[in-house]
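Raw work_30.txt, compact mmCIF, C-alpha atoms:
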# COMPACT_ATOMS: atom_id res chain seq x y z
CA MET A 1 -51.08 32.90 -30.32
CA PRO A 2 -47.88 31.49 -31.85
CA ASP A 3 -47.96 28.07 -33.48
CA PRO A 4 -46.46 25.57 -30.98
CA GLY A 5 -45.22 23.47 -33.91
CA LYS A 6 -42.73 26.21 -34.74
CA PHE A 7 -41.34 26.07 -31.21
CA PHE A 8 -41.10 22.26 -31.32
CA ALA A 9 -39.10 22.66 -34.54
CA LEU A 10 -36.42 24.44 -32.48
CA LEU A 11 -35.93 21.25 -30.45
CA VAL A 12 -35.01 18.95 -33.32
CA ASP A 13 -32.28 18.88 -35.95
CA PRO A 14 -33.74 19.18 -39.46
CA GLU A 15 -30.53 17.70 -40.92
CA ASP A 16 -30.74 14.49 -38.85
CA ALA A 17 -33.33 12.16 -40.40
CA ALA A 18 -32.07 8.75 -39.21
CA PRO A 19 -34.01 7.37 -36.21
CA ALA A 20 -32.12 7.42 -32.92
CA PRO A 21 -31.87 4.25 -30.79
CA VAL A 22 -33.68 6.04 -27.94
CA ARG A 23 -37.19 7.42 -28.37
CA LEU A 24 -38.67 10.13 -26.12
CA GLU A 25 -42.45 9.72 -26.01
CA LEU A 26 -44.32 12.83 -24.86
CA THR A 27 -48.07 13.00 -24.31
CA PRO A 28 -50.39 15.04 -26.54
CA GLY A 29 -50.60 18.59 -25.25
CA THR A 30 -47.01 18.67 -23.98
CA SER A 31 -45.80 22.25 -24.28
CA PRO A 32 -42.55 23.07 -26.08
CA ASP A 33 -41.00 24.44 -22.87
CA THR A 34 -41.82 21.21 -21.02
CA ALA A 35 -40.38 19.20 -23.92
CA ALA A 36 -37.19 21.28 -23.73
CA ALA A 37 -36.94 20.69 -19.96
CA VAL A 38 -37.42 16.95 -20.47
CA LEU A 39 -34.75 16.84 -23.19
CA THR A 40 -32.32 18.74 -20.96
CA THR A 41 -32.96 16.15 -18.23
CA VAL A 42 -32.56 13.26 -20.68
CA PHE A 43 -29.14 14.44 -21.83
CA ARG A 44 -28.01 15.20 -18.26
CA ALA A 45 -29.11 11.75 -17.06
CA ASP A 46 -27.17 9.89 -19.76
CA PRO A 47 -23.83 11.54 -20.64
CA GLY A 48 -23.19 9.00 -23.43
CA LEU A 49 -26.47 9.71 -25.21
CA GLU A 50 -26.01 11.94 -28.27
CA ARG A 51 -29.35 11.65 -30.13
CA VAL A 52 -33.01 11.08 -29.20
CA THR A 53 -36.01 10.63 -31.49
CA VAL A 54 -38.81 12.85 -30.12
CA THR A 55 -42.52 12.01 -30.47
CA VAL A 56 -45.53 13.92 -29.17
CA GLY A 57 -48.78 11.99 -28.98
CA GLY A 58 -47.23 9.26 -31.12
CA ASN A 59 -46.32 11.70 -33.90
CA PRO A 60 -42.58 11.89 -34.66
CA LEU A 61 -41.11 15.40 -34.51
CA GLY A 62 -37.54 14.50 -35.40
CA VAL A 63 -34.22 13.88 -33.70
CA SER A 64 -32.83 16.06 -30.91
CA ARG A 65 -29.09 16.22 -30.42
CA ARG A 66 -27.12 16.75 -27.23
CA GLU A 67 -25.44 19.91 -28.60
CA ARG A 68 -28.77 21.69 -28.74
CA PHE A 69 -29.31 21.28 -24.99
CA ALA A 70 -26.00 20.65 -23.25
CA GLY A 71 -23.34 21.67 -25.74
CA LYS A 72 -20.23 19.63 -26.26
CA HIS A 73 -18.91 20.59 -22.81
CA PRO A 74 -21.98 21.09 -20.63
CA ASP A 75 -21.92 23.85 -18.05
CA THR A 76 -25.08 23.16 -16.08
CA ALA A 77 -25.07 26.59 -14.49
CA SER A 78 -25.41 28.51 -17.75
CA ARG A 79 -26.00 26.21 -20.75
CA GLU A 80 -29.46 24.97 -19.79
CA PHE A 81 -32.22 25.58 -22.34
CA GLY A 82 -33.90 28.78 -21.12
CA GLY A 83 -31.29 29.24 -18.40
CA GLY A 84 -30.31 32.73 -19.56
CA ASP A 85 -33.19 34.28 -17.67
CA HIS A 86 -31.87 32.77 -14.38
CA ALA A 87 -35.43 31.72 -13.51
CA THR A 88 -34.66 28.00 -13.26
CA LEU A 89 -33.39 26.49 -10.06
CA PRO A 90 -30.46 24.08 -10.14
CA GLY A 91 -31.05 20.37 -9.62
CA PRO A 92 -33.44 17.79 -11.03
CA PRO A 93 -36.81 18.97 -12.32
CA GLN A 94 -39.71 18.90 -9.89
CA ARG A 95 -42.44 18.77 -12.56
CA PHE A 96 -41.77 15.23 -13.79
CA THR A 97 -39.86 11.99 -13.33
CA LEU A 98 -38.08 10.44 -16.28
CA LEU A 99 -39.03 6.79 -16.90
CA ARG A 100 -36.84 4.55 -19.07
CA PHE A 101 -38.15 1.45 -20.84
CA THR A 102 -35.93 -1.00 -22.72
CA CYS A 103 -36.47 -3.93 -25.05
CA ARG A 104 -35.38 -7.30 -23.63
CA ASP A 105 -34.01 -8.45 -26.98
CA CYS A 106 -32.39 -5.39 -28.60
CA GLU A 107 -30.94 -2.02 -27.62
CA LEU A 108 -34.06 0.05 -28.34
CA ALA A 109 -35.11 2.28 -25.43
CA ALA A 110 -38.09 4.58 -24.86
CA LEU A 111 -38.25 7.47 -22.40
CA ARG A 112 -41.46 8.84 -20.92
CA VAL A 113 -42.43 11.35 -18.28
CA HIS A 114 -45.80 9.68 -17.78
CA ALA A 115 -46.93 6.14 -17.07
CA ASP A 116 -49.65 4.79 -19.35
CA TRP A 117 -51.36 1.50 -18.67
CA GLN A 118 -49.59 0.09 -21.71
CA PRO A 119 -45.79 0.18 -21.81
CA PRO A 120 -44.14 1.30 -25.04
CA SER A 121 -43.45 -1.41 -27.59
CA CYS A 122 -40.44 -2.39 -29.62
CA PRO A 123 -41.59 -2.76 -33.24
CA ASP A 124 -39.73 -6.08 -33.51
CA HIS A 125 -40.09 -7.65 -30.04
CA GLY A 126 -43.23 -6.28 -28.34
CA PRO A 127 -43.73 -4.65 -24.92
CA MET A 128 -40.73 -3.02 -23.25
CA GLU A 129 -39.74 -3.25 -19.59
CA LEU A 130 -39.48 -0.37 -17.12
CA VAL A 131 -35.86 0.15 -16.04
CA ARG A 132 -36.26 3.28 -13.89
Please, can you express the file's structure as structure tokens?
Amino acid sequence: MPDPGKFFALLVDPEDAAPAPVRLELTPGTSPDTAAAVLTTVFRADPGLERVTVTVGGNPLGVSRRERFAGKHPDTASREFGGGDHATLPGPPQRFTLLRFTCRDCELAALRVHADWQPPSCPDHGPMELVR
């Protein structure tokens, strides 16, 4: 079986080491194809977002950039990650709902596709609030 870490490496930019202001927190056991679908949804949902720090099970993977998933001029019919096989249906994903948490005191945001009992925390200001 292929190493899933190698597939996760395709989702992040090895040249981009600076943390992004938005963090995508995925649960342990998230598959690379689910992570790619979530990232595609993240970039579609926020056209101004260019970079996202990706973590799986609390472990940072790196920074994903919009170009990797939507290109500079997104064409949602053909530029979707994995869309070349024409097996994905158009529209929002049915497997998950994207949740956005923000810090009350700074611009840090965290994105999740799951709801833990504990909200994510800003390292400087504590628990974040659910926005959507």
Worksheet item: Can you tell me, as a ChimeraX atom specification, which residues sit within 12 Å of (-34.7, 22.6, -25.8) in the file's frame, using only C-alpha atoms?
Response: /A:7-13,31-43,54,63-71,79-83
Worksheet, complete the sentence: Computed gap from CA of His114 (chain A) to CA of Leu99 (chain A) is 7.4 Å
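The smallest atom-to-atom distance between Gly62 (chain A) and any of A:Asp105, A:Glu50, A:Asp16, A:Glu25, using all atoms listed in the file, is found for A:Asp16.
When CA of Val113 (chain A) is paired with CA of Glu15 (chain A), their separation reads 26.4 Å.
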Worksheet item: Residues at most 9 Å from Ala109 (chain A), counting all atoms listed in the file, excluding those fewer than 2 positions away in the same chain, as an NGL selection string?
Response: :A and (21-24 or 100-103 or 106-107 or 111 or 122 or 128)
Response to the item:
From the list A:Ser121, A:Gly29, A:Ala20, A:Phe96, the nearest residue to Leu49 (chain A) using only C-alpha atoms is A:Ala20
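The two atoms in question, CA of Ala45 (chain A) and CA of Thr97 (chain A), are spaced 11.4 Å apart.
If you count only C-alpha atoms and draw a sphere of 8 Å around (-48.1, 10.7, -29.1), the protein and nucleic acid residues inside it come out as Glu25, Leu26, Thr27, Pro28, Thr55, Val56, Gly57, Gly58, Asn59 and Pro60 of chain A.
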